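**Student:** Structure file work_7.cif (mmCIF, C-alpha atoms and all ligand atoms) is given on the next line.
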```
data_final
loop_
_atom_site.label_atom_id
_atom_site.label_comp_id
_atom_site.auth_asym_id
_atom_site.auth_seq_id
_atom_site.Cartn_x
_atom_site.Cartn_y
_atom_site.Cartn_z
CA MET A 1 91.73 108.42 115.23
CA ALA A 2 91.26 111.10 112.66
CA ARG A 3 92.15 114.75 113.21
CA THR A 4 89.46 117.23 114.09
CA ASP A 5 89.57 118.61 110.52
CA GLY A 6 88.50 115.12 109.41
CA ARG A 7 91.77 114.26 107.72
CA VAL A 8 94.14 111.48 108.63
CA GLY A 9 97.74 112.61 109.14
CA VAL A 10 100.20 110.56 107.10
CA ALA A 11 103.95 109.95 107.35
CA LEU A 12 105.45 108.39 104.21
CA ILE A 13 108.78 106.59 104.45
CA GLY A 14 110.59 105.71 101.21
CA LEU A 15 110.42 108.20 98.37
CA GLY A 16 111.32 106.14 95.32
CA ARG A 17 108.98 104.59 92.72
CA ALA A 18 106.44 103.30 95.25
CA GLY A 19 106.72 106.47 97.36
CA HIS A 20 105.71 108.47 94.32
CA PHE A 21 102.56 106.50 93.56
CA HIS A 22 101.55 106.79 97.22
CA MET A 23 102.09 110.56 97.07
CA ALA A 24 99.87 110.70 93.98
CA SER A 25 97.17 108.75 95.87
CA ILE A 26 97.39 111.07 98.89
CA ALA A 27 97.09 114.08 96.57
CA ALA A 28 94.00 112.49 94.97
CA ILE A 29 92.12 112.45 98.32
CA PRO A 30 92.95 115.83 99.93
CA ASP A 31 89.77 115.82 102.04
CA GLN A 32 90.70 112.53 103.69
CA ALA A 33 94.49 112.49 104.01
CA GLN A 34 97.16 115.04 104.81
CA LEU A 35 100.83 114.30 104.13
CA ARG A 36 102.65 115.59 107.24
CA TRP A 37 106.08 113.95 106.92
CA VAL A 38 108.23 112.49 104.18
CA VAL A 39 111.15 110.33 105.31
CA ASP A 40 114.07 108.94 103.34
CA VAL A 41 117.72 108.13 104.01
CA ASP A 42 118.43 110.21 100.93
CA GLU A 43 118.25 113.59 102.67
CA SER A 44 118.29 115.76 99.58
CA ARG A 45 115.44 113.74 98.08
CA ALA A 46 113.42 114.05 101.30
CA GLU A 47 114.12 117.77 101.62
CA GLY A 48 113.22 118.46 97.98
CA ILE A 49 109.96 116.49 98.17
CA ALA A 50 109.02 118.10 101.51
CA LYS A 51 109.38 121.52 99.89
CA GLN A 52 107.23 120.47 96.97
CA GLU A 53 104.58 118.84 99.21
CA SER A 54 104.67 121.56 101.92
CA CYS A 55 105.32 119.07 104.70
CA ARG A 56 108.13 118.20 107.12
CA TRP A 57 110.98 115.83 106.35
CA ALA A 58 113.45 113.59 108.18
CA SER A 59 116.02 110.92 107.41
CA SER A 60 114.68 108.58 110.09
CA LEU A 61 111.17 107.60 111.16
CA ALA A 62 111.46 108.66 114.81
CA PRO A 63 110.45 112.36 114.52
CA ALA A 64 107.37 111.45 112.47
CA LEU A 65 106.34 108.80 114.99
CA ALA A 66 106.65 111.37 117.79
CA ASP A 67 104.16 113.66 116.02
CA PRO A 68 100.66 113.11 117.53
CA GLY A 69 99.19 114.46 114.29
CA VAL A 70 100.49 111.37 112.45
CA HIS A 71 97.89 108.59 112.54
CA VAL A 72 99.11 106.51 109.63
CA VAL A 73 102.53 105.42 108.39
CA ILE A 74 102.91 104.38 104.77
CA ILE A 75 106.03 102.26 104.30
CA ALA A 76 107.47 102.36 100.78
CA SER A 77 111.16 102.00 101.56
CA THR A 78 113.26 99.08 100.31
CA THR A 79 111.91 95.64 101.14
CA ASP A 80 114.61 94.77 103.69
CA THR A 81 113.45 97.68 105.91
CA HIS A 82 109.70 96.95 106.06
CA PHE A 83 109.63 94.74 109.13
CA GLN A 84 111.54 97.14 111.39
CA PHE A 85 109.39 100.11 110.32
CA ILE A 86 106.16 98.12 110.75
CA MET A 87 107.14 97.15 114.30
CA GLN A 88 108.24 100.70 115.21
CA SER A 89 105.07 102.25 113.78
CA LEU A 90 102.67 99.81 115.45
CA SER A 91 104.55 100.20 118.74
CA ALA A 92 103.99 103.96 118.45
CA ASP A 93 100.22 103.27 117.98
CA LYS A 94 100.15 104.23 114.30
CA SER A 95 98.09 102.38 111.70
CA VAL A 96 100.25 100.94 108.94
CA LEU A 97 99.95 100.59 105.19
CA THR A 98 103.11 98.82 104.10
CA GLU A 99 104.32 97.94 100.68
CA LYS A 100 104.73 94.23 100.07
CA PRO A 101 106.18 92.05 101.39
CA ILE A 102 105.86 92.41 105.17
CA SER A 103 109.02 90.32 105.42
CA HIS A 104 110.64 87.30 103.74
CA GLU A 105 110.78 85.62 107.12
CA LEU A 106 107.69 83.74 108.23
CA LYS A 107 108.49 84.38 111.91
CA GLU A 108 108.67 88.14 111.32
CA VAL A 109 105.36 88.14 109.42
CA GLU A 110 103.71 86.28 112.30
CA GLU A 111 105.25 88.72 114.80
CA ALA A 112 104.00 91.76 112.86
CA VAL A 113 100.47 90.34 112.51
CA GLN A 114 100.47 89.46 116.20
CA LEU A 115 101.50 92.97 117.25
CA ALA A 116 98.84 94.55 114.99
CA THR A 117 96.22 92.18 116.42
CA SER A 118 97.20 92.81 120.03
CA LYS A 119 97.22 96.57 119.46
CA SER A 120 94.00 96.32 117.46
CA LEU A 121 95.58 98.41 114.72
CA PRO A 122 95.31 97.83 110.97
CA LEU A 123 98.37 96.41 109.25
CA TYR A 124 97.44 96.64 105.60
CA CYS A 125 99.82 95.21 103.03
CA GLY A 126 99.87 96.77 99.56
CA TYR A 127 98.62 93.94 97.36
CA GLN A 128 96.89 96.49 95.16
CA ARG A 129 95.69 93.94 92.59
CA ARG A 130 92.83 93.24 95.02
CA CYS A 131 91.75 96.85 94.39
CA ASP A 132 91.98 96.67 90.58
CA ARG A 133 88.52 97.19 89.12
CA ASN A 134 88.91 94.42 86.52
CA PHE A 135 90.13 91.81 88.98
CA ARG A 136 87.31 92.82 91.35
CA VAL A 137 84.73 92.02 88.64
CA LEU A 138 86.43 88.68 88.00
CA LYS A 139 86.40 87.91 91.75
CA LYS A 140 82.70 88.86 92.00
CA HIS A 141 81.84 86.35 89.24
CA VAL A 142 83.94 83.64 90.85
CA ASP A 143 82.08 84.24 94.13
CA ASP A 144 78.59 84.35 92.59
CA GLY A 145 79.19 81.00 90.91
CA SER A 146 79.10 82.30 87.32
CA VAL A 147 81.78 79.77 86.29
CA GLY A 148 80.64 77.04 88.67
CA GLU A 149 83.20 75.04 90.58
CA LEU A 150 86.69 76.49 90.07
CA LYS A 151 89.03 74.00 88.42
CA VAL A 152 91.95 76.10 87.13
CA ILE A 153 93.31 79.60 87.79
CA LYS A 154 96.03 80.98 85.53
CA CYS A 155 97.90 84.17 86.48
CA CYS A 156 100.26 85.85 84.09
CA SER A 157 102.50 88.46 85.67
CA ARG A 158 105.17 90.02 83.46
CA ASP A 159 106.97 93.20 84.40
CA ASN A 160 108.13 96.10 82.27
CA PRO A 161 110.68 97.62 82.27
CA VAL A 162 113.26 95.45 84.07
CA PRO A 163 113.63 97.16 87.50
CA PRO A 164 116.95 98.86 88.35
CA MET A 165 119.63 96.36 89.46
CA GLU A 166 119.99 98.38 92.69
CA TYR A 167 116.33 97.65 93.43
CA LEU A 168 116.68 93.94 92.63
CA ARG A 169 119.60 93.59 95.04
CA THR A 170 117.35 94.33 98.05
CA SER A 171 114.13 92.90 96.59
CA GLY A 172 114.51 89.47 98.19
CA GLY A 173 114.36 87.71 94.82
CA ILE A 174 111.60 87.15 92.29
CA PHE A 175 109.50 84.88 94.54
CA HIS A 176 109.24 87.41 97.39
CA ASP A 177 109.16 90.44 95.12
CA MET A 178 106.86 89.45 92.23
CA LEU A 179 105.27 86.06 92.72
CA ILE A 180 103.98 86.99 96.18
CA HIS A 181 101.43 89.25 94.41
CA ASP A 182 100.17 86.24 92.43
CA PHE A 183 100.04 84.03 95.52
CA ASP A 184 97.96 86.76 97.16
CA MET A 185 95.61 86.76 94.16
CA LEU A 186 95.28 82.97 94.34
CA ASN A 187 94.48 83.23 98.04
CA TRP A 188 91.81 85.85 97.25
CA LEU A 189 90.22 84.08 94.29
CA SER A 190 90.24 80.65 95.91
CA GLY A 191 88.52 81.95 99.05
CA GLY A 192 91.60 81.63 101.25
CA GLN A 193 92.56 78.07 100.29
CA GLU A 194 96.13 76.95 100.90
CA PRO A 195 97.69 74.62 98.32
CA GLU A 196 98.95 71.20 99.35
CA SER A 197 101.92 71.30 97.00
CA VAL A 198 103.89 73.67 94.77
CA MET A 199 106.36 73.08 91.98
CA SER A 200 108.51 75.86 90.47
CA VAL A 201 110.93 76.02 87.58
CA GLY A 202 112.82 79.08 86.42
CA HIS A 203 115.70 80.57 84.51
CA ALA A 204 117.87 83.71 84.46
CA TYR A 205 118.08 85.15 80.96
CA ASN A 206 119.52 88.41 82.28
CA ARG A 207 123.21 87.97 83.17
CA GLU A 208 123.14 90.68 85.87
CA ILE A 209 120.21 88.97 87.57
CA GLU A 210 121.94 85.61 87.28
CA LYS A 211 125.04 87.06 88.96
CA MET A 212 122.85 88.02 91.96
CA GLY A 213 121.81 84.37 92.29
CA ASP A 214 118.29 85.28 91.21
CA ILE A 215 116.18 84.35 88.18
CA ASP A 216 113.95 86.45 85.93
CA THR A 217 111.50 83.92 84.47
CA VAL A 218 109.46 81.48 86.55
CA ALA A 219 106.54 79.08 86.22
CA VAL A 220 104.80 77.73 89.32
CA ILE A 221 102.10 75.06 89.54
CA LEU A 222 100.04 74.76 92.72
CA LYS A 223 97.68 71.93 93.64
CA TYR A 224 94.89 72.50 96.20
CA PRO A 225 93.08 69.93 98.35
CA SER A 226 89.76 70.87 96.65
CA GLY A 227 91.25 69.71 93.32
CA LEU A 228 91.92 73.27 92.13
CA VAL A 229 95.04 73.59 89.96
CA ALA A 230 96.72 77.01 89.66
CA MET A 231 99.50 78.20 87.39
CA VAL A 232 101.55 81.37 87.50
CA ASP A 233 103.98 82.54 84.87
CA THR A 234 106.21 85.47 85.68
CA CYS A 235 108.94 87.37 83.88
CA ARG A 236 110.88 90.53 84.71
CA ASP A 237 110.99 91.62 81.08
CA ALA A 238 107.92 91.94 78.84
CA THR A 239 109.07 94.16 75.99
CA TYR A 240 105.49 94.88 74.85
CA GLY A 241 104.46 96.53 78.16
CA TYR A 242 103.13 95.64 81.58
CA ASP A 243 101.31 92.32 81.31
CA GLN A 244 99.01 91.12 84.12
CA ARG A 245 96.16 88.79 83.19
CA ILE A 246 94.06 86.22 85.01
CA GLU A 247 91.94 83.35 83.78
CA ALA A 248 89.54 81.44 86.04
CA PHE A 249 88.13 78.25 84.55
CA GLY A 250 85.31 76.30 86.15
CA SER A 251 82.60 73.72 85.60
CA LYS A 252 80.24 76.30 84.01
CA GLY A 253 82.64 78.49 82.05
CA MET A 254 85.66 80.73 82.04
CA LEU A 255 86.46 84.27 83.17
CA THR A 256 89.32 86.26 81.64
CA ALA A 257 90.70 89.57 82.93
CA LYS A 258 92.81 91.07 80.16
CA ASN A 259 95.33 93.90 80.17
CA GLU A 260 94.22 97.49 80.13
CA LEU A 261 95.56 98.97 76.90
CA THR A 262 96.58 102.59 76.37
CA SER A 263 93.45 103.14 74.25
CA THR A 264 90.52 101.12 72.93
CA VAL A 265 91.31 101.86 69.28
CA GLU A 266 92.24 99.06 66.93
CA LEU A 267 93.66 99.85 63.47
CA ALA A 268 92.64 97.39 60.75
CA THR A 269 94.28 97.58 57.31
CA SER A 270 95.08 95.15 54.50
CA GLU A 271 98.20 94.29 56.52
CA GLY A 272 96.24 93.09 59.53
CA HIS A 273 94.88 94.36 62.88
CA LEU A 274 97.03 96.66 65.01
CA MET A 275 96.16 96.95 68.71
CA PRO A 276 97.40 99.71 71.07
CA CYS A 277 100.15 98.87 73.57
CA ALA A 278 99.57 97.56 77.08
CA GLN A 279 100.13 100.14 79.83
CA TRP A 280 103.84 100.90 80.23
CA SER A 281 104.34 99.79 83.86
CA PHE A 282 102.77 99.50 87.31
CA PRO A 283 102.30 103.26 88.01
CA GLN A 284 100.11 103.52 84.90
CA ARG A 285 98.31 100.18 85.14
CA TYR A 286 97.48 100.43 88.85
CA LYS A 287 97.12 104.21 89.27
CA GLU A 288 93.42 103.89 90.08
CA ALA A 289 93.96 100.75 92.21
CA TYR A 290 96.59 102.48 94.38
CA THR A 291 94.18 105.34 95.09
CA THR A 292 91.32 102.92 95.82
CA GLU A 293 93.64 101.04 98.18
CA LEU A 294 94.56 104.19 100.10
CA LYS A 295 90.95 105.44 100.18
CA GLU A 296 89.70 102.16 101.61
CA PHE A 297 92.53 102.05 104.13
CA ILE A 298 91.82 105.62 105.29
CA THR A 299 88.09 104.85 105.52
CA MET A 300 88.94 101.94 107.79
CA VAL A 301 91.18 104.13 109.97
CA HIS A 302 88.37 106.70 110.21
CA ALA A 303 85.83 103.99 111.05
CA GLY A 304 87.82 103.10 114.16
CA ARG A 305 88.61 99.98 116.12
CA ASN A 306 85.10 98.65 116.71
CA SER A 307 83.92 99.02 113.13
CA ASP A 308 83.02 96.19 110.73
CA GLN A 309 85.75 97.36 108.32
CA HIS A 310 88.34 97.07 111.05
CA ARG A 311 87.15 93.61 112.11
CA LEU A 312 87.26 92.42 108.48
CA GLU A 313 90.78 93.77 108.04
CA GLN A 314 91.95 92.11 111.26
CA GLU A 315 90.63 88.81 109.84
CA ALA A 316 92.19 89.47 106.43
CA MET A 317 95.58 90.10 108.05
CA LEU A 318 95.69 86.49 109.17
CA ARG A 319 96.28 85.41 105.57
CA HIS A 320 99.75 86.96 105.45
CA PRO A 321 101.66 84.09 107.09
CA SER A 322 99.98 81.66 104.69
CA ILE A 323 100.99 83.72 101.65
CA VAL A 324 104.59 83.88 102.84
CA ARG A 325 104.60 80.10 103.53
CA ILE A 326 103.57 79.51 99.92
CA THR A 327 106.23 81.93 98.70
CA VAL A 328 108.92 80.22 100.78
CA ALA A 329 107.74 76.80 99.57
CA ALA A 330 107.72 77.90 95.92
CA GLU A 331 111.25 79.30 96.23
CA LEU A 332 112.39 76.11 97.96
CA SER A 333 110.86 74.01 95.18
CA TRP A 334 112.90 75.92 92.61
CA LYS A 335 116.06 75.51 94.68
CA LEU A 336 115.52 71.80 95.28
CA GLY A 337 114.36 71.13 91.72
CA ARG A 338 111.31 69.20 92.95
CA SER A 339 107.77 69.65 94.17
CA VAL A 340 107.33 70.74 97.81
CA ASP A 341 104.46 69.44 99.90
CA LEU A 342 103.30 72.29 102.16
CA ARG A 343 102.82 69.82 105.01
CA ASP A 344 106.58 69.19 104.92
CA LEU A 345 107.58 72.85 104.87
CA GLU A 346 108.02 73.43 108.60
CA GLY A 347 110.02 70.19 108.81
CA LEU A 348 112.22 71.20 105.88
CA LEU A 349 112.82 74.64 107.38
CA ALA A 350 113.48 73.18 110.82
CA GLU A 351 116.01 70.80 109.29
CA LYS A 352 117.69 73.82 107.81
CA ASP A 353 117.71 75.59 111.19
CA GLU A 354 119.04 72.54 112.97
CA GLY A 355 121.75 71.97 110.43
CA GLU A 356 120.36 68.49 109.57
CA ARG A 357 120.60 69.25 105.92
CA GLY A 358 120.08 66.78 103.12
CA VAL A 359 121.56 69.32 100.69
CA ASP A 360 124.28 71.92 101.05
CA ALA A 361 123.94 75.05 103.18
CA GLU A 362 123.57 77.52 100.33
CA THR A 363 120.72 75.60 98.79
CA TRP A 364 118.71 76.06 102.01
CA SER A 365 119.04 79.80 102.23
CA THR A 366 115.70 81.66 102.06
CA GLY A 367 115.03 85.39 102.05
CA GLY A 368 117.63 88.03 102.84
CA SER A 369 119.69 89.50 100.07
CA ASN A 370 119.60 87.84 96.69
CA SER A 371 123.23 86.90 96.98
CA ASP A 372 122.05 84.48 99.69
CA LEU A 373 120.13 82.47 97.13
CA GLY A 374 123.07 80.22 96.34
CA GLU A 375 123.81 78.11 93.27
CA LEU A 376 120.58 77.06 91.69
CA PRO A 377 119.24 74.82 89.01
CA HIS A 378 118.57 76.67 85.76
N1 LIG A 401 102.77 97.27 95.03
C1 LIG A 401 103.45 97.59 93.97
O1 LIG A 401 102.94 97.64 92.86
C2 LIG A 401 104.90 97.97 94.11
C3 LIG A 401 105.59 98.50 93.01
C4 LIG A 401 106.92 98.88 93.21
C5 LIG A 401 107.54 98.69 94.43
N2 LIG A 401 106.84 98.15 95.45
C6 LIG A 401 107.47 97.93 96.77
O2 LIG A 401 107.84 99.21 97.28
C7 LIG A 401 109.08 99.15 97.95
C8 LIG A 401 110.00 100.22 97.38
O3 LIG A 401 110.22 99.95 96.02
P1 LIG A 401 110.64 101.12 95.01
O4 LIG A 401 110.52 100.55 93.66
O5 LIG A 401 109.94 102.37 95.35
O6 LIG A 401 112.19 101.25 95.40
P2 LIG A 401 113.11 102.51 95.14
O7 LIG A 401 114.50 102.00 95.20
O8 LIG A 401 112.65 103.29 93.96
O9 LIG A 401 112.85 103.45 96.44
C9 LIG A 401 113.17 103.05 97.74
C10 LIG A 401 113.37 104.30 98.58
O10 LIG A 401 113.54 103.91 99.94
C11 LIG A 401 114.60 104.68 100.50
N3 LIG A 401 115.18 103.98 101.63
C12 LIG A 401 115.97 102.88 101.64
N4 LIG A 401 116.29 102.53 102.89
C13 LIG A 401 115.66 103.41 103.71
C14 LIG A 401 115.60 103.58 105.12
N5 LIG A 401 116.25 102.76 105.95
N6 LIG A 401 114.87 104.61 105.62
C15 LIG A 401 114.21 105.45 104.79
N7 LIG A 401 114.24 105.35 103.43
C16 LIG A 401 114.95 104.34 102.91
C17 LIG A 401 115.58 104.87 99.34
O11 LIG A 401 116.49 105.94 99.57
C18 LIG A 401 114.61 105.11 98.18
O12 LIG A 401 114.28 106.49 98.07
C19 LIG A 401 109.61 97.72 97.75
O13 LIG A 401 109.46 97.03 98.97
C20 LIG A 401 108.72 97.11 96.68
O14 LIG A 401 108.46 95.75 96.94
C21 LIG A 401 105.53 97.80 95.32
#
```
Mind turning the file's structure into structure tokens?
Ligand SMILES: NC(=O)c1ccc[n+]([C@@H]2O[C@H](COP(=O)([O-])OP(=O)(O)OC[C@H]3O[C@@H](n4cnc5c(N)ncnc54)[C@H](O)[C@@H]3O)[C@@H](O)[C@H]2O)c1

**Tutor:**
Amino acid sequence: MARTDGRVGVALIGLGRAGHFHMASIAAIPDQAQLRWVVDVDESRAEGIAKQESCRWASSLAPALADPGVHVVIIASTTDTHFQFIMQSLSADKSVLTEKPISHELKEVEEAVQLATSKSLPLYCGYQRRCDRNFRVLKKHVDDGSVGELKVIKCCSRDNPVPPMEYLRTSGGIFHDMLIHDFDMLNWLSGGQEPESVMSVGHAYNREIEKMGDIDTVAVILKYPSGLVAMVDTCRDATYGYDQRIEAFGSKGMLTAKNELTSTVELATSEGHLMPCAQWSFPQRYKEAYTTELKEFITMVHAGRNSDQHRLEQEAMLRHPSIVRITVAAELSWKLGRSVDLRDLEGLLAEKDEGERGVDAETWSTGGSNSDLGELPH
């Protein structure tokens, strides 16, 4: 429930790159949200930001959860902490906007969704591409049949700059950190379809990333029961700027969502045509989308438990286990060097749990720290 002054009280945990874009979004909607607490294990960072934002600070979530003026917790700490903070916040009856992913572990995702459902609280996961104005137009045209029956979706998702190695160590690997955004987009654009099979190949060009047992460049092909074929290509390092494009091809035509460039001006001379750069990175490219995401989340919190918005979000939450299943299957495909049929996934994972492995222990490892990824085909 919102405060009597009409604003929703927010506690933000994690004050790094994602914490900063969430702070910018909160500042953009001062009539709707009030930042009451900032929390980070880095005490000097938390104290400094609290001073700047005129709010309280702590190095653990507990004091913020005990504050009845906090209605919403935004989780932007490192990926390996999300699940515990989601469970603590929901248990304290707070609505949650968490950065992706909820967890690498399917069981934990199911547990989190179940707790949110039983508490009738929103658990909103920050797949902000759904809030990007360009991708929303593309989605609208897919839904209104402008391109007819969907046959192919192509997502290109290339990062810039390469994230800090410290970040990558707790990111869970490229499938759970980057590709999960694309799998969410495929779920959205395909109307919630789940693929029947996935096939991934990848390579580590960056030696530091290779040493972590991770890769930096991946291609994934997904086949859906409807016939739909989807392709994702991902790289940690696009030297020309942040590169996120989507193509949707169907029986009546094609939709293309291009990059947003830093300006619309093209220079043409006798030497050729010079275009402006793509946006530098995610804080620039998705600035507006992050604010839209927070606004829509806060509107839902205001609307309350019996509202249509809340019912829709409770339904939308049910997609999370499916997205993580696809992520786990895509990672497994890369590790095994072969296509994975989604119908076999539970069996393959159960075999791993039971120790009835057809391949060595390291090859089976999923999630956790990147060093768990084991020796992999390149
Ligand atoms: N949606 C997006 O576009 C997007 C972009 C970047 C990052 N992210 C997500 O945001 C999360 C954070 O990424 P980042 O790039 O901001 O990382 P970061 O390393 O810049 O910041 C993480 C912060 O969390 C703090 N932290 C770590 N453990 C903590 C704990 N136990 N309690 C409180 N604070 C803790 C760290 O001290 C640090 O300040 C990741 O899960 C990532 O997947 C999402």

**Student:** One decimal, Å: what's the distance from atom CA of A:Ala76 over to atom CA of A:Gly213, could you say?

**Tutor:**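 Straight-line distance from atom CA of A:Ala76 to atom CA of A:Gly213 works out to 24.5 Å.
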
**Student:** What do you get as a PyMOL selection string if you pick all residues at most 8 Å from ligand LIG 401 (chain A), counting all atoms listed in the file?

**Tutor:** chain A and resi 13-20+39-42+45+59-61+75-82+99-101+126-128+163-164+166-167+171+177+282-283+286

**Student:** Please provide as a list of chain:residue names all residues within 12 Å of A:Lys287, with the sequence filter that same-chain residues fewer than 6 positions apart are discarded (counting only C-alpha atoms).

**Tutor:**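 Here the qualifying residues turn out to be A:Ala18, A:His20, A:Phe21, A:His22, A:Met23, A:Ala24, A:Ser25, A:Ile26, A:Ala28, A:Gln128, A:Arg129, A:Cys131, A:Asp132, A:Arg133, A:Glu260, A:Gln279, A:Trp280, A:Ser281, A:Glu293, A:Leu294.
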
**Student:** For A:Val301, which residue out of A:Thr170, A:Asn259, A:Ser120, A:Thr98 is the nearest one, using all atoms listed in the file?

**Tutor:**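 Of A:Thr170, A:Asn259, A:Ser120, A:Thr98, the one nearest A:Val301 is A:Ser120, counting all atoms listed in the file.
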
**Student:** Using all atoms listed in the file, can you tell me which of A:Met199, A:Ala116, A:Met185, A:Val137 comes closest to A:Arg305?

**Tutor:**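 That would be A:Ala116, the residue with the smallest distance to A:Arg305.
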
**Student:** Give the answer as one residue: which of A:Ala329, A:Gly172, A:Leu318, A:Trp188 has the shortest atom-to-atom distance to A:Leu138, using all atoms listed in the file?

**Tutor:**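 Between A:Ala329, A:Gly172, A:Leu318, A:Trp188, the residue approaching A:Leu138 most closely is A:Trp188.
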
**Student:** Take atom CA of A:Gly227 and atom CA of A:Gly202 and report the distance between them in Å, one decimal.

**Tutor:**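 Calculated distance between atom CA of A:Gly227 and atom CA of A:Gly202 is 24.5 Å.
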
**Student:** So that I can check the surroundings of A:Val109, please list as a list in words every protein, DNA and RNA residue that reaches within 7 Å of it, counting only C-alpha atoms and ignoring chain neighbours fewer than 4 positions away.

**Tutor:** Ile102, Ser103, Glu105, Val113, His320 and Pro321 of chain A

**Student:** Would you mind exporting the chosen residues as an mmCIF file, in the coordinates of the input, restricted to C-alpha atoms?

**Tutor:**
```cif
data_model
loop_
_atom_site.group_PDB
_atom_site.id
_atom_site.type_symbol
_atom_site.label_atom_id
_atom_site.label_comp_id
_atom_site.auth_asym_id
_atom_site.auth_seq_id
_atom_site.Cartn_x
_atom_site.Cartn_y
_atom_site.Cartn_z
ATOM 1 C CA ILE A 102 105.860 92.410 105.170
ATOM 2 C CA SER A 103 109.020 90.320 105.420
ATOM 3 C CA GLU A 105 110.780 85.620 107.120
ATOM 4 C CA VAL A 113 100.470 90.340 112.510
ATOM 5 C CA HIS A 320 99.750 86.960 105.450
ATOM 6 C CA PRO A 321 101.660 84.090 107.090
#
```

**Student:** Between atom CA of A:Ala303 and atom CA of A:Ser91, what is the distance in Å, rounded to a tenth?

**Tutor:**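 Calculated distance between atom CA of A:Ala303 and atom CA of A:Ser91 is 20.6 Å.
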
**Student:** Closest to A:Gln88 among A:Ile29, A:Ala112, A:Leu150, A:Ile326, using all atoms listed in the file?

**Tutor:** A:Ala112

**Student:** Skip A:Asp67 itself and residues of its chain fewer than 6 positions away, then list as a ChimeraX atom specification all residues within 12 Å of it, counting all atoms listed in the file.

**Tutor:** /A:9-11,36-37,56,61,73,89,92-94

**Student:** Of the residues A:Lys295, A:Lys223, A:His104, A:Arg325, which is the one nearest to A:Val198, using all atoms listed in the file?

**Tutor:**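 The closest residue to A:Val198 is A:Lys223.
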